[in-house]
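J.: Just passing along the structure, written as structure tokens.
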Amino acid sequence: MSEKELAHKSVDYRRKILKYIVKANAGHTGGSLSCIDILNVLYNYTLNVDPENFSSPDRDRYIQSKGHTVEALYVVLASRGFFPESDLETLCRYKSHYIGHPTRKVHGIEQNTGALGHGLSLSVGVAIAGKLDKKNYKVFTLLGDGELPEGSNWEAALSAAHYKLDNLCAILDKNNLQITGTTTDVCNTDPVDKKFEAFGWEVRHVDGHDIKQLKETFDAIPFVKGKPSMVIAHTVKGKGVSYMENQLKWHHGVPNQQQYAEALQELDFQDKSI
Amino acid sequence: MLINKLIQVDATIEKIAVRNQANLEVFSTTLQDLARTDRDIIVVTSDSRGSGKLVPFGQSFPEQIVEVGIAEQNLVGVAAGLASAGKKVFAVSPACFLTARALEQIKNDVAYSNNAVKLIGISAGVSYGALGSTHHSLHDFAVLRTVNNLIIAAPADNFETEQAIRLAAESDLPIYLRFGKKAMPLLSTEETTFEFGKGRKIREGGDVVIIATGETVAPALNACEKLSRESGIEAAVISMHTIKPLDYRLLSEIANLGNPILTVEEHSIFGGLGEACASFLLENNYRNKFKIIGIPDEYTVTGSQQEIFDHYGISENGIADAALKLCRG
């Protein structure tokens with residue numbers, strides 16, 4: 001898929017994220033919009049995973065540690081054919097499988113996540129298994145910058161370097177906001193690159209909304225043989241909808257009908273500008 | 001039902017290579033035996049290979065042991081990841097840390113995600129008696145009983161241990177097993193079979209029933225001999241190795257006889273075997289006389305495991321006295 005096609009996809013995913021969040025009257029809007037370009041590139045370019053090979057032991061793995069932005073994952077999985085998009089009409093409804101965090105009841109989802117600080121350890125386990133079995137698959141996990149103070153992340157970061165897991169890539173969706181305020185004010189984790197480097201990771205920075213940069217960065221994994229790769233994706237919470245961008249209240253804010261219409265207008269304009 | 005998914009093996013006493021050892025030793029030798037022919041057997045440790053008796057395993061199968069250092073949350077998360085990639089994973093750590101510090105990983109990464117990790121709580125209960133409450137696990141049955149999709153068992157002797165490990169290795173379900181450090185007498189015969197969720201009647205008796213689990217089965221059996229010898233009371237003994245799913249059928253069978261029931265466990269009197277039995281009995285309108293022996297809700301006394309057992313009546317004398325009171329009270 002060309003970069004232009006991927007750019008159109010990103011806009012369309014943003015429309016759908018808003019559509020289903022508005023319909024469900026619930027969801028993590030800002031974070032889904034910050035990570036959607038990353039998921040777009042992963043699922044439409046980088047990952048060797050599709051509905052047919054999903055049970056294959058050789059597939060690439062994607063484990064979403066920041067499980068609350070599941071709406072972004074749902075729209076991408078639907079577009080890749082893991083389930084009909086119409087299933088998302090039931091988002092957060094009574095007995096729907098499409099709940100507010102990833103579960104394996106939904107085809108295409110690797111692990112049940114949502115409690116923060118779990119994805120990296122799970123990914124380390126899958127990556128160690130890949131090494132033991134001499135498989136070529138890669139393991140990707142998406143971390144939120146707000147979840148980094150969870151100590152389990154750092155336990156896992158140690159293990160990843162200790163076992164030289166160059167088949168593992170952690171992507172940090174660094175949008176600098178969490179529910180209480182800026183990540184700097186709540187519990188500063190910067191300089192996060194230096195921290196991961198000190199833990200034995202190879203770190204690269206990327207504009208998390210630049211399709212070309214994301215493609216090239218993921219293509220370069222492992223950045224260094226014998227080391228786990230950390231991609232610090234600099235993103236904007238609420239990206240693509242001007243009144244949501246960098247605004248705390250859109251962490252899990254749901255647009256009203258007028259706001260939704262404005263957002264769609266902006267996205268239409270972005271689509272035409274590509 | 002959870003239990004119906006389990007594979008039942010034809011377990012016979014001939015398979016037991018060792019007797020009267022600590023169950024933990026049998027866990028280790030059984031795992032080595034399995035690993036010889038199955039490269040998917042993986043042990044994950046948190047600086048716990050020594051206390052888990054797994055040094056020989058690590059020496060024999062260096063590629064089948066994953067060390068994460070003292071980091072129990074990571075231990076369980078990594079184990080879940082390995083299991084999701086097809087490995088038969090035994091995550092081994094002291095029960096006190098494994099089931100408290102990593103409870104969220106057990107709940108989410110193992111049970112909820114249905115990654116079939118075998119969680120091995122070592123030096124459980126008050127095995128680390130003199131080290132104090134930080135090192136006691138008197139909460140593990142209680143907290144884990146509330147977690148859906150997790151079998152909980154405490155094997156009583158070397159036979160139950162070996163069979164539990166062999167079954168666990170082939171099961172596609174998450175399982176928590178807890179072991180102590182003390183050498184255990186063999187409480188099985190050549191006819192013995194083992195299956196998760198099926199209590200074992202190891203002594204017949206028509207006056208009172210003692211339901212015990214793990215390392216308290218042996219003192220319960222000794223108490224029966226004392227009762228018979230000194231008071232003419234005959235007590236039946238059940239090794240209720242599986243706390244969840246509890247063997248309701250056997251409980252009904254026992255309760256229907258109308259005899260007093262005494263439960264014994266190396267656990268808080270809250271939320272463990274005793275309360276699980278009590279809940280079932282009360283909800284099903286059984287009104288047998290009933291008593292729970294375990295560790296009461298207080299700052300736990302310290303000392304050796306045996307001294308703590310003696311202090312709280314988890315002993316030949318204590319169990320016999322409690323049974324006598326139930327029968328005559």
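Ordering of the structure tokens sets the chain letters (A, B, ...), residue numbers begin anew at 1 in every chain, and ligands are numbered from 1 in the order given.
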Would you give me, as CSV, each residue of chain B having an atom within 12 Å of an atom of chain A, along with its shortest atom pair and that distance in Å to one decimal, using only C-alpha atoms and sorting by chain and residue number?
T.:
```
residue,atom,partner,partner_atom,distance
B:Arg39,CA,A:Leu132,CA,9.6
B:Asp40,CA,A:Asp133,CA,9.2
B:Ile41,CA,A:Ala129,CA,11.3
B:Ile42,CA,A:Ala129,CA,9.6
B:Val43,CA,A:Gly125,CA,11.9
B:Val44,CA,A:Gly125,CA,10.0
B:Ser46,CA,A:Glu155,CA,11.1
B:Pro62,CA,A:Leu132,CA,11.4
B:Glu63,CA,A:Leu132,CA,7.6
B:Gln64,CA,A:Leu132,CA,8.6
B:Ile65,CA,A:Leu132,CA,10.7
B:Val66,CA,A:Ile128,CA,8.7
B:Glu67,CA,A:Ser159,CA,8.6
B:Val68,CA,A:Ser159,CA,6.1
B:Gly69,CA,A:Ser159,CA,8.4
B:Ile70,CA,A:Glu155,CA,8.9
B:Ala71,CA,A:Glu155,CA,6.2
B:Glu72,CA,A:Ser152,CA,8.9
B:Gln73,CA,A:Ser152,CA,6.1
B:Asn74,CA,A:Ser121,CA,5.5
B:Leu75,CA,A:Ser121,CA,8.0
B:Val76,CA,A:Ser121,CA,8.1
B:Gly77,CA,A:Ser121,CA,4.8
B:Val78,CA,A:Gly125,CA,4.0
B:Ala79,CA,A:Gly125,CA,6.0
B:Ala80,CA,A:Leu122,CA,6.1
B:Gly81,CA,A:Gly125,CA,4.0
B:Leu82,CA,A:Gly125,CA,4.5
B:Ala83,CA,A:Gly125,CA,8.0
B:Ser84,CA,A:Val126,CA,7.1
B:Ala85,CA,A:Val126,CA,5.9
B:Gly86,CA,A:Ala129,CA,8.2
B:Lys87,CA,A:Ala129,CA,7.4
B:Lys88,CA,A:Ala129,CA,10.8
B:Val89,CA,A:Gly125,CA,10.4
B:Ala91,CA,A:Gly125,CA,11.8
B:Arg101,CA,A:Ser152,CA,10.6
B:Ala102,CA,A:Ser152,CA,9.6
B:Leu103,CA,A:Ala115,CA,12.0
B:Glu104,CA,A:Ala115,CA,8.2
B:Gln105,CA,A:His118,CA,7.3
B:Ile106,CA,A:His118,CA,10.9
B:Lys107,CA,A:Ala115,CA,10.3
B:Asn108,CA,A:Asn112,CA,6.9
B:Asp109,CA,A:Asn112,CA,7.0
B:Val110,CA,A:Asn112,CA,9.5
B:Ala111,CA,A:Asn112,CA,9.9
B:Tyr112,CA,A:Asn112,CA,6.9
B:Ser113,CA,A:Asn112,CA,5.1
B:Asn114,CA,A:Asn112,CA,8.9
B:Asn115,CA,A:Gln111,CA,9.0
B:Val117,CA,A:Gly125,CA,11.7
```
J.: If we count only C-alpha atoms, what is near Leu177 (chain A) at a cut-off of 12 Å, once residues fewer than 3 positions away on the same chain are taken out, given as number ranges by chain?
T.: A: 30-31, 34, 144-147, 173-174, 180-188, 234-238, 245-252
J.: Output as a list in words all residues of region 197-255 of chain A that backbone DSSP marks as strand (DSSP E).
T.: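 Selecting the strand (DSSP E) positions of region 197-255 of chain A gives Glu202, Val203, Arg204, His205, Val206, Asp207, Ser229, Met230, Val231, Ile232, Ala233 and His234 of chain A.
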J.: Write the residues of the selection above to a file with C-alpha atoms, as a PDB file, in the first residue's frame.
T.:
```pdb
ATOM      1  CA  GLU A 202      18.281   0.680  21.038  1.00  0.00           C
ATOM      2  CA  VAL A 203      16.044   3.715  20.804  1.00  0.00           C
ATOM      3  CA  ARG A 204      14.838   5.772  17.836  1.00  0.00           C
ATOM      4  CA  HIS A 205      12.572   8.778  17.732  1.00  0.00           C
ATOM      5  CA  VAL A 206       9.910   9.153  15.100  1.00  0.00           C
ATOM      6  CA  ASP A 207       7.030  11.457  14.253  1.00  0.00           C
ATOM      7  CA  SER A 229      14.123  -1.883  19.719  1.00  0.00           C
ATOM      8  CA  MET A 230      12.258   1.056  21.225  1.00  0.00           C
ATOM      9  CA  VAL A 231      10.421   3.435  18.919  1.00  0.00           C
ATOM     10  CA  ILE A 232       9.508   6.660  20.672  1.00  0.00           C
ATOM     11  CA  ALA A 233       6.628   7.909  18.561  1.00  0.00           C
ATOM     12  CA  HIS A 234       5.984  11.585  19.197  1.00  0.00           C
TER      13      HIS A 234
END
```
J.: Which polymer residues have any atom within 8 Å of an atom of region 76-88 of chain A, counting only C-alpha atoms, with same-chain residues fewer than 4 positions away left out, as a PyMOL selection string?
T.: chain A and resi 13+20+39-40+43-44+50-51+72+98+107-108
J.: For Gly272 (chain B), find every residue with an atom within 12 Å (counting only C-alpha atoms), except residues of its own chain fewer than 2 positions away, and show them as a PyMOL selection string.
T.: chain B and resi 125+137-146+152-154+212-213+240+242-244+246+263-270+274-279+292-296
J.: Need to verify the contact set: Trp201 (chain A), 8 Å, only C-alpha atoms, exclusion of same-chain residues closer than 3 positions in sequence. Can you return it as a ChimeraX atom specification?
T.: /A:161,196-198,227-230
J.: As a ChimeraX atom specification, please: every residue in region 212-249 of chain A that a backbone DSSP assignment puts in helix (DSSP H, G or I).
T.: /A:212-219,248-249
J.: For a test of reading the model, state the distance in Å between CA of Leu221 (chain B) and CA of Ala164 (chain B), rounded to one decimal.
T.: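 Answer for the CA of Leu221 (chain B) to CA of Ala164 (chain B) separation: 21.1 Å.
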J.: What gap, in Å, lies between CA of Val139 (chain A) and CA of Ser65 (chain A)?
T.: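 So the answer is 12.3 Å.
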J.: Just checking: using only C-alpha atoms, which residue out of A:Leu172, A:Leu148, A:Ile21, A:Leu33 ends up closest to Gly100 (chain A)?
T.: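 Distance minimum relative to Gly100 (chain A) lands on A:Ile21.
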J.: Quick one: of A:Lys195, A:His68, A:Arg93, A:Lys215, who's nearest to His28 (chain A), counting only C-alpha atoms?
T.: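 The shortest atom-to-atom distance to His28 (chain A) comes from A:His68.
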J.: So which residues touch Ala263 (chain A) within 9 Å, counting only C-alpha atoms, skipping near sequence neighbours fewer than 2 positions away, as a count of residues only?
T.: 15
J.: Kindly give the distance, in Å, that separates CA of Lys53 (chain B) and CA of Ser171 (chain B), rounded to a single decimal.
T.: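 Result for CA of Lys53 (chain B) versus CA of Ser171 (chain B): 22.9 Å, one decimal.
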J.: Would you kindly return, as a list in words, each protein, DNA or RNA residue with an atom no farther than 6 Å from any atom of Gly121 (chain B), considering only C-alpha atoms and excluding same-chain residues fewer than 3 positions away?
T.: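 Counting only the stated atoms, we get Ser93, Pro94, Ala95 and Arg178 of chain B.
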J.: Just to be explicit: take each residue in the selection above, keep N, CA and C atoms, and write the result as an mmCIF file, in the first residue's frame.
T.:
```cif
data_model
loop_
_atom_site.group_PDB
_atom_site.id
_atom_site.type_symbol
_atom_site.label_atom_id
_atom_site.label_comp_id
_atom_site.auth_asym_id
_atom_site.auth_seq_id
_atom_site.Cartn_x
_atom_site.Cartn_y
_atom_site.Cartn_z
ATOM 1 N N SER B 93 7.794 -19.580 41.976
ATOM 2 C CA SER B 93 8.213 -18.512 42.883
ATOM 3 C C SER B 93 7.590 -18.791 44.250
ATOM 4 N N PRO B 94 8.196 -18.282 45.326
ATOM 5 C CA PRO B 94 7.552 -18.473 46.626
ATOM 6 C C PRO B 94 6.087 -18.034 46.579
ATOM 7 N N ALA B 95 5.225 -18.879 47.140
ATOM 8 C CA ALA B 95 3.779 -18.648 47.057
ATOM 9 C C ALA B 95 3.392 -17.277 47.596
ATOM 10 N N ARG B 178 0.397 -25.503 44.957
ATOM 11 C CA ARG B 178 1.237 -24.980 46.046
ATOM 12 C C ARG B 178 1.922 -26.156 46.745
#
```
J.: Could you check which of A:Lys95, A:His101, A:Lys19, A:Lys138 is closest to Tyr62 (chain A), using only C-alpha atoms?
T.: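 Nearest candidate to Tyr62 (chain A) out of A:Lys95, A:His101, A:Lys19, A:Lys138: A:Lys138.
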